[in-house]
$ cat upload36.tsv   # TSV, C-alpha atoms
chain	number	residue	atom	x	y	z
A	1	MET	CA	9.63	-49.45	3.25
A	2	LYS	CA	8.99	-45.74	3.06
A	3	VAL	CA	10.21	-43.18	0.54
A	4	LYS	CA	9.81	-39.42	0.48
A	5	VAL	CA	8.88	-38.15	-2.98
A	6	ALA	CA	8.73	-34.73	-4.62
A	7	VAL	CA	6.48	-33.89	-7.58
A	8	VAL	CA	7.74	-30.71	-9.22
A	9	GLN	CA	5.21	-28.31	-10.76
A	10	GLU	CA	7.42	-25.69	-12.36
A	11	SER	CA	8.13	-23.99	-15.67
A	12	PRO	CA	11.22	-24.57	-17.82
A	13	VAL	CA	13.30	-21.80	-19.36
A	14	PHE	CA	11.51	-22.32	-22.61
A	15	PHE	CA	13.49	-23.70	-25.57
A	16	ASP	CA	16.73	-23.19	-23.64
A	17	LYS	CA	18.21	-26.55	-22.65
A	18	GLU	CA	21.16	-25.17	-20.71
A	19	LYS	CA	19.18	-22.77	-18.55
A	20	THR	CA	16.46	-25.35	-17.97
A	21	LEU	CA	19.04	-27.91	-16.84
A	22	GLN	CA	20.48	-25.34	-14.46
A	23	LYS	CA	17.02	-24.73	-13.04
A	24	LEU	CA	16.41	-28.47	-12.74
A	25	GLU	CA	19.69	-28.94	-10.87
A	26	LYS	CA	18.77	-26.19	-8.42
A	27	ILE	CA	15.36	-27.74	-7.76
A	28	VAL	CA	16.90	-31.19	-7.20
A	29	ARG	CA	19.39	-29.81	-4.69
A	30	GLU	CA	16.60	-28.02	-2.81
A	31	GLN	CA	14.39	-31.09	-2.63
A	32	THR	CA	17.11	-33.52	-1.56
A	33	GLN	CA	17.85	-31.20	1.33
A	34	LYS	CA	14.29	-31.99	2.43
A	35	GLY	CA	15.05	-35.72	2.33
A	36	CYS	CA	13.35	-36.58	-0.96
A	37	GLY	CA	14.56	-39.86	-2.47
A	38	LEU	CA	12.52	-39.59	-5.68
A	39	ILE	CA	11.99	-36.38	-7.65
A	40	VAL	CA	9.63	-36.22	-10.63
A	41	PHE	CA	9.55	-33.56	-13.37
A	42	PRO	CA	6.73	-32.88	-15.89
A	43	GLU	CA	6.25	-33.90	-19.51
A	44	SER	CA	8.90	-32.38	-21.80
A	45	PHE	CA	10.25	-30.25	-18.97
A	46	VAL	CA	13.45	-30.02	-21.00
A	47	PRO	CA	13.28	-27.89	-23.13
A	48	GLY	CA	9.53	-27.23	-22.63
A	49	TYR	CA	6.15	-28.41	-23.84
A	50	PRO	CA	5.40	-26.24	-26.93
A	51	ARG	CA	1.81	-25.42	-26.04
A	52	GLY	CA	0.10	-23.17	-28.55
A	53	PHE	CA	2.64	-23.70	-31.35
A	54	ASP	CA	1.56	-24.90	-34.80
A	55	PHE	CA	5.08	-25.10	-36.28
A	56	GLY	CA	3.76	-23.41	-39.43
A	57	ALA	CA	1.90	-26.56	-40.50
A	58	LYS	CA	-1.35	-26.91	-42.37
A	59	ILE	CA	-2.66	-29.89	-44.29
A	60	GLY	CA	-0.71	-29.75	-47.53
A	61	SER	CA	1.89	-27.15	-46.52
A	62	ARG	CA	4.62	-26.26	-44.02
A	63	SER	CA	6.26	-22.85	-43.64
A	64	ASP	CA	9.97	-22.01	-43.53
A	65	GLU	CA	9.41	-20.34	-40.16
A	66	GLY	CA	7.83	-23.52	-38.80
A	67	ARG	CA	10.74	-25.61	-40.01
A	68	GLN	CA	13.15	-23.24	-38.27
A	69	LEU	CA	11.14	-23.49	-35.06
A	70	TYR	CA	11.34	-27.28	-35.24
A	71	ALA	CA	15.11	-27.04	-35.78
A	72	ASP	CA	15.41	-24.79	-32.71
A	73	TYR	CA	13.39	-27.25	-30.67
A	74	ALA	CA	15.54	-30.14	-31.81
A	75	ALA	CA	18.75	-28.24	-31.05
A	76	ASN	CA	17.62	-27.77	-27.44
A	77	SER	CA	16.33	-31.32	-26.94
A	78	ILE	CA	18.09	-33.93	-24.80
A	79	ASP	CA	20.67	-36.17	-26.47
A	80	LEU	CA	21.28	-39.35	-24.48
A	81	GLU	CA	24.52	-39.99	-26.36
A	82	SER	CA	25.99	-36.71	-25.19
A	83	GLU	CA	27.03	-35.02	-21.98
A	84	ASP	CA	23.35	-34.38	-21.30
A	85	LEU	CA	22.96	-37.87	-19.87
A	86	SER	CA	26.16	-37.93	-17.82
A	87	ARG	CA	25.23	-34.55	-16.37
A	88	LEU	CA	21.88	-35.89	-15.13
A	89	GLU	CA	23.45	-39.11	-13.87
A	90	LYS	CA	26.08	-37.16	-11.92
A	91	LEU	CA	23.33	-35.00	-10.44
A	92	ALA	CA	21.40	-38.05	-9.21
A	93	ALA	CA	24.58	-39.57	-7.78
A	94	ALA	CA	25.74	-36.39	-6.08
A	95	GLN	CA	22.33	-35.79	-4.49
A	96	ASN	CA	21.69	-39.51	-3.82
A	97	THR	CA	18.20	-39.42	-5.28
A	98	TYR	CA	16.20	-41.07	-8.04
A	99	LEU	CA	15.11	-38.79	-10.86
A	100	VAL	CA	12.24	-39.22	-13.31
A	101	ILE	CA	12.40	-36.46	-15.89
A	102	GLY	CA	10.15	-35.63	-18.83
A	103	VAL	CA	12.18	-34.50	-21.84
A	104	THR	CA	11.99	-34.08	-25.57
A	105	GLU	CA	14.67	-36.42	-26.85
A	106	LYS	CA	16.59	-36.42	-30.11
A	107	GLN	CA	18.39	-39.46	-31.47
A	108	HIS	CA	21.35	-39.92	-33.79
A	109	THR	CA	19.68	-42.72	-35.73
A	110	ASN	CA	17.03	-40.45	-37.24
A	111	GLY	CA	15.85	-36.87	-37.37
A	112	SER	CA	12.75	-37.43	-35.29
A	113	LEU	CA	12.05	-36.24	-31.77
A	114	TYR	CA	10.43	-38.28	-28.99
A	115	CYS	CA	8.48	-37.29	-25.90
A	116	SER	CA	10.41	-39.30	-23.32
A	117	MET	CA	10.55	-40.08	-19.61
A	118	LEU	CA	13.99	-40.84	-18.15
A	119	TYR	CA	14.46	-43.09	-15.09
A	120	ILE	CA	17.78	-42.28	-13.40
A	121	SER	CA	19.26	-44.06	-10.38
A	122	PRO	CA	21.83	-42.51	-8.03
A	123	LYS	CA	23.87	-45.73	-8.18
A	124	GLU	CA	23.27	-47.17	-11.65
A	125	GLY	CA	22.57	-44.09	-13.75
A	126	LEU	CA	20.04	-44.41	-16.56
A	127	LEU	CA	17.78	-47.37	-15.82
A	128	GLY	CA	15.35	-46.95	-18.70
A	129	VAL	CA	13.60	-44.61	-21.12
A	130	HIS	CA	9.89	-44.58	-21.81
A	131	ARG	CA	9.10	-42.94	-25.13
A	132	LYS	CA	5.52	-41.93	-25.82
A	133	ILE	CA	3.81	-44.63	-27.87
A	134	LYS	CA	1.03	-42.32	-29.09
A	135	PRO	CA	1.44	-38.53	-29.20
A	136	THR	CA	-1.94	-36.80	-29.04
A	137	GLY	CA	-3.45	-34.70	-31.81
A	138	THR	CA	-0.99	-32.31	-33.43
A	139	GLU	CA	1.77	-33.50	-31.10
A	140	ARG	CA	2.21	-36.09	-33.85
A	141	LEU	CA	3.69	-33.34	-36.00
A	142	ILE	CA	6.75	-32.99	-33.77
A	143	TRP	CA	7.02	-36.30	-31.88
A	144	ALA	CA	7.47	-39.74	-33.38
A	145	GLU	CA	5.79	-42.71	-31.71
A	146	ALA	CA	7.68	-45.54	-30.05
A	147	ASP	CA	6.88	-49.26	-29.93
A	148	GLY	CA	6.51	-51.81	-27.15
A	149	GLU	CA	10.20	-51.66	-26.25
A	150	SER	CA	9.38	-48.30	-24.69
A	151	LEU	CA	6.99	-49.74	-22.10
A	152	VAL	CA	9.71	-49.96	-19.49
A	153	THR	CA	9.46	-50.68	-15.77
A	154	VAL	CA	12.28	-50.62	-13.23
A	155	ASP	CA	12.65	-52.46	-9.92
A	156	THR	CA	14.63	-50.15	-7.63
A	157	LYS	CA	15.59	-49.91	-3.99
A	158	ILE	CA	12.62	-47.56	-3.49
A	159	GLY	CA	10.07	-49.81	-5.22
A	160	LYS	CA	8.92	-50.78	-8.69
A	161	LEU	CA	8.57	-47.73	-10.91
A	162	GLY	CA	6.70	-47.36	-14.16
A	163	GLY	CA	4.17	-45.16	-15.87
A	164	LEU	CA	2.88	-43.44	-18.98
A	165	ILE	CA	2.93	-39.91	-20.37
A	166	CYS	CA	-0.19	-37.73	-20.57
A	167	TRP	CA	-3.02	-39.23	-22.65
A	168	GLU	CA	-1.28	-42.59	-22.97
A	169	ASN	CA	-2.92	-43.00	-19.58
A	170	TYR	CA	-6.29	-43.20	-21.35
A	171	MET	CA	-5.13	-46.33	-23.21
A	172	PRO	CA	-6.44	-49.27	-21.11
A	173	MET	CA	-4.03	-51.84	-22.52
A	174	ALA	CA	-1.06	-49.51	-22.02
A	175	ARG	CA	-2.05	-49.11	-18.38
A	176	MET	CA	-2.45	-52.86	-18.04
A	177	SER	CA	1.06	-53.33	-19.43
A	178	MET	CA	2.29	-51.39	-16.40
A	179	TYR	CA	0.08	-53.24	-13.92
A	180	GLN	CA	1.28	-56.61	-15.24
A	181	LYS	CA	4.80	-55.67	-14.16
A	182	GLY	CA	3.68	-55.00	-10.60
A	183	VAL	CA	4.31	-51.24	-10.62
A	184	GLU	CA	4.11	-49.80	-7.12
A	185	ILE	CA	4.86	-46.15	-7.90
A	186	TYR	CA	3.11	-45.14	-11.13
A	187	ILE	CA	4.44	-41.92	-12.63
A	188	ALA	CA	2.33	-39.82	-15.00
A	189	PRO	CA	3.97	-36.66	-16.36
A	190	THR	CA	1.42	-34.66	-18.33
A	191	ALA	CA	0.47	-31.40	-20.03
A	192	ASP	CA	-3.21	-31.86	-19.14
A	193	SER	CA	-4.29	-29.30	-16.56
A	194	ARG	CA	-8.03	-29.95	-16.67
A	195	GLU	CA	-9.83	-30.71	-13.45
A	196	GLU	CA	-10.89	-33.99	-15.07
A	197	TRP	CA	-7.27	-35.15	-14.96
A	198	THR	CA	-7.57	-35.48	-11.19
A	199	ALA	CA	-10.23	-38.15	-11.68
A	200	THR	CA	-7.94	-39.99	-14.10
A	201	MET	CA	-5.12	-40.11	-11.56
A	202	LYS	CA	-7.44	-41.37	-8.83
A	203	HIS	CA	-8.88	-44.01	-11.15
A	204	ILE	CA	-5.41	-45.34	-12.06
A	205	ALA	CA	-4.47	-45.57	-8.38
A	206	LEU	CA	-7.64	-47.53	-7.61
A	207	GLU	CA	-7.36	-49.72	-10.70
A	208	GLY	CA	-3.67	-50.51	-10.39
A	209	ARG	CA	-3.52	-50.48	-6.58
A	210	CYS	CA	-0.41	-48.32	-6.77
A	211	PHE	CA	0.73	-44.88	-5.73
A	212	VAL	CA	0.22	-42.40	-8.56
A	213	LEU	CA	2.38	-39.32	-9.06
A	214	GLY	CA	0.78	-36.95	-11.56
A	215	CYS	CA	3.15	-34.17	-12.57
A	216	ASN	CA	2.47	-31.10	-14.73
A	217	GLN	CA	4.07	-27.76	-15.54
A	218	TYR	CA	2.69	-24.42	-14.44
A	219	TYR	CA	3.02	-22.07	-17.39
A	220	THR	CA	1.79	-18.62	-18.42
A	221	LYS	CA	2.02	-16.87	-21.78
A	222	SER	CA	4.28	-14.22	-20.25
A	223	MET	CA	6.94	-16.88	-19.62
A	224	TYR	CA	7.53	-17.36	-23.35
A	225	PRO	CA	10.57	-15.49	-24.71
A	226	GLU	CA	9.70	-12.44	-26.79
A	227	LYS	CA	10.80	-14.14	-30.00
A	228	TYR	CA	7.93	-16.62	-29.64
A	229	ALA	CA	5.25	-14.09	-28.68
A	230	ASP	CA	3.53	-14.13	-32.09
A	231	ALA	CA	3.20	-17.91	-32.01
A	232	VAL	CA	1.01	-17.77	-28.91
A	233	LYS	CA	-0.60	-14.35	-29.24
A	234	ASN	CA	-4.11	-15.83	-29.29
A	235	GLU	CA	-3.56	-18.01	-26.23
A	236	PRO	CA	-4.85	-17.09	-22.74
A	237	GLU	CA	-2.37	-15.79	-20.20
A	238	HIS	CA	-2.74	-18.84	-17.97
A	239	MET	CA	-1.86	-21.53	-20.50
A	240	CYS	CA	-1.28	-24.45	-18.13
A	241	ALA	CA	-2.70	-24.32	-14.61
A	242	GLY	CA	-0.87	-27.43	-13.38
A	243	GLY	CA	-2.93	-29.90	-11.37
A	244	SER	CA	-0.07	-32.04	-10.05
A	245	ILE	CA	-1.22	-34.65	-7.54
A	246	ILE	CA	-0.14	-37.61	-5.40
A	247	VAL	CA	-2.69	-40.40	-4.84
A	248	SER	CA	-2.66	-43.47	-2.60
A	249	PRO	CA	-3.36	-47.06	-3.77
A	250	LEU	CA	-6.89	-46.67	-2.40
A	251	GLY	CA	-7.53	-43.60	-4.52
A	252	LYS	CA	-7.16	-41.10	-1.69
A	253	VAL	CA	-5.45	-37.80	-2.48
A	254	ILE	CA	-2.29	-37.47	-0.40
A	255	ALA	CA	-1.11	-34.13	-1.81
A	256	GLY	CA	-2.59	-31.65	-4.25
A	257	PRO	CA	-4.03	-31.15	-6.72
A	258	LEU	CA	-2.00	-27.97	-7.11
A	259	PHE	CA	-3.50	-25.42	-9.48
A	260	ASN	CA	-2.61	-21.92	-10.66
A	261	GLU	CA	0.86	-21.72	-9.13
A	262	ALA	CA	4.29	-23.23	-9.23
A	263	GLY	CA	5.28	-25.48	-6.37
A	264	VAL	CA	6.44	-28.89	-5.20
A	265	LEU	CA	4.24	-31.59	-3.70
A	266	ILE	CA	6.02	-33.70	-1.09
A	267	ALA	CA	4.74	-36.89	0.51
A	268	GLU	CA	6.12	-39.93	2.30
A	269	LEU	CA	4.93	-43.14	0.67
A	270	ASP	CA	4.70	-46.36	2.64
A	271	LEU	CA	4.98	-49.21	0.12
A	272	GLU	CA	3.22	-51.54	2.54
A	273	ASP	CA	0.07	-49.63	1.60
A	274	VAL	CA	0.29	-51.25	-1.83
A	275	SER	CA	0.09	-54.69	-0.25
A	276	LYS	CA	-2.72	-53.64	2.09
A	277	SER	CA	-4.78	-52.29	-0.80
A	278	LYS	CA	-4.84	-55.67	-2.54
A	279	LEU	CA	-6.96	-57.34	0.14
A	280	ASP	CA	-10.14	-56.72	-1.83
A	281	PHE	CA	-8.89	-55.92	-5.34
A	282	ASP	CA	-5.83	-56.98	-7.33
A	283	VAL	CA	-6.07	-56.35	-11.05
A	284	ILE	CA	-3.32	-58.86	-11.85
A	285	GLY	CA	-4.08	-61.31	-9.02
A	286	HIS	CA	-7.23	-62.57	-7.37
A	287	TYR	CA	-9.45	-60.12	-9.26
A	288	ALA	CA	-8.07	-61.12	-12.66
A	289	ARG	CA	-9.79	-63.66	-14.88
A	290	ASN	CA	-6.87	-65.13	-16.77
A	291	ASP	CA	-9.14	-67.92	-18.02
A	292	ILE	CA	-11.06	-65.27	-19.98
A	293	PHE	CA	-8.65	-62.42	-20.66
A	294	GLU	CA	-5.09	-62.35	-21.94
A	295	LEU	CA	-2.92	-59.36	-22.86
A	296	ASN	CA	0.19	-59.84	-24.96
A	297	VAL	CA	2.41	-56.77	-25.35
A	298	ASN	CA	4.74	-56.95	-28.33
A	299	LYS	CA	8.38	-56.21	-27.47
A	300	GLN	CA	7.72	-55.03	-23.90
A	301	PRO	CA	10.96	-55.58	-21.96
A	302	ALA	CA	11.15	-57.51	-18.72
A	303	ILE	CA	11.24	-55.38	-15.60
A	304	LYS	CA	14.79	-54.13	-15.12
A	305	LYS	CA	16.29	-54.75	-11.70
A	306	GLU	CA	18.60	-52.11	-10.35
$ encode --input "upload36.tsv" --output "structure tokens"
Amino acid sequence: MKVKVAVVQESPVFFDKEKTLQKLEKIVREQTQKGCGLIVFPESFVPGYPRGFDFGAKIGSRSDEGRQLYADYAANSIDLESEDLSRLEKLAAAQNTYLVIGVTEKQHTNGSLYCSMLYISPKEGLLGVHRKIKPTGTERLIWAEADGESLVTVDTKIGKLGGLICWENYMPMARMSMYQKGVEIYIAPTADSREEWTATMKHIALEGRCFVLGCNQYYTKSMYPEKYADAVKNEPEHMCAGGSIIVSPLGKVIAGPLFNEAGVLIAELDLEDVSKSKLDFDVIGHYARNDIFELNVNKQPAIKKE
């Protein structure tokens, strides 16, 4: 089976959920016209990854301005119990494509925000939500951490999908939790635009014997609205260079890495390549030593079949 995929390296309309959703819809329509059956968006594409912001926080104190900034961020975050979800589901259905979208998500059960990845089917709608289990560094100020229930995988008509967000991909046991579910297309939205990230994506492809879709934003300081200029005044103009990439199960780069510009990487994936790659290495099969090693993942759900 073959599937044409699109990895979107773009910028959101920062802290503006409505305009970012409009931009997302336009991109999806453009890419489905090219025959793409899976379209991936970066980490916290809606309403934007708040690079350079400190939210007025220091150890022992928080400012009123920082609290207001957090409130603005929350107000523009995705609510899965609102029209936000039905809008995205209708988009996937209308364009007959699978969507994997990085968002900041707010919930009604608490006041916390989560860095989330939404899996949306054109036929079934929302298939699952992966919420970041370990925000990195000062991300922990704005994003709560999820538990094992968030380590979702979905078995779809275009293959088994799963993945982790940004530096979760440096957590060996988190990666293994994906491999154990037989993920064929591993999706890694990120905010890491270092050249070293390319090596990480290639390693995961080789280790998991899966296609890897690494997806990042391209963002410059000039793209921030004027009202946020002071928050990032000490940042360089090129704040996030991108680095999106598509890698084969043998670690070969199929498309990218794309640096220093917005764009979309498109590739046709042949899922038979996953099977071929396991001739000499299968991390959960003939190359595993289950008599020595055992990984138990608390609360991880069974793979969801579409």
$ axis_aligned_box --input "upload36.tsv" --around "segment 132-137 of chain A" --padding-each-side "4 Å" --output "JSON"
{"center_x": 1.0, "center_y": -39.7, "center_z": -28.8, "size_x": 17.0, "size_y": 17.9, "size_z": 14.0}
$ residues_around --input "upload36.tsv" --residues "Ala241 of chain A" --least-positions-apart "4" --cutoff "7 Å" --atoms "only C-alpha atoms" --output "list in words"
Ser193, Tyr218, Tyr219, Phe259 and Asn260 of chain A
$ closest_atom_pairs --input "upload36.tsv" --of "segment 185-294 of chain A" --to "segment 133-152 of chain A" --cutoff "12 Å" --atoms "all atoms listed in the file" --output "tab-separated table"
residue	atom	partner	partner_atom	distance
A:Tyr186	CA	A:Val152	CA	11.7
A:Ile187	CA	A:Val152	CA	11.8
A:Thr190	CA	A:Thr136	CA	11.4
A:Ala191	CA	A:Thr136	CA	10.8
A:Asp192	CA	A:Thr136	CA	11.1
$ closest_residue --input "upload36.tsv" --among "A:Thr198, A:Ser86, A:Ser275, A:Thr20" --to "Ala255 of chain A" --atoms "all atoms listed in the file"
A:Thr198
$ residues_around --input "upload36.tsv" --residues "Glu294 of chain A" --least-positions-apart "3" --cutoff "12 Å" --atoms "only C-alpha atoms" --output "ChimeraX atom specification"
/A:173,176-177,180,284,288-291,297
$ closest_residue --input "upload36.tsv" --among "A:Phe14, A:Cys36, A:Arg175, A:Phe45" --to "Leu295 of chain A" --atoms "all atoms listed in the file"
A:Arg175
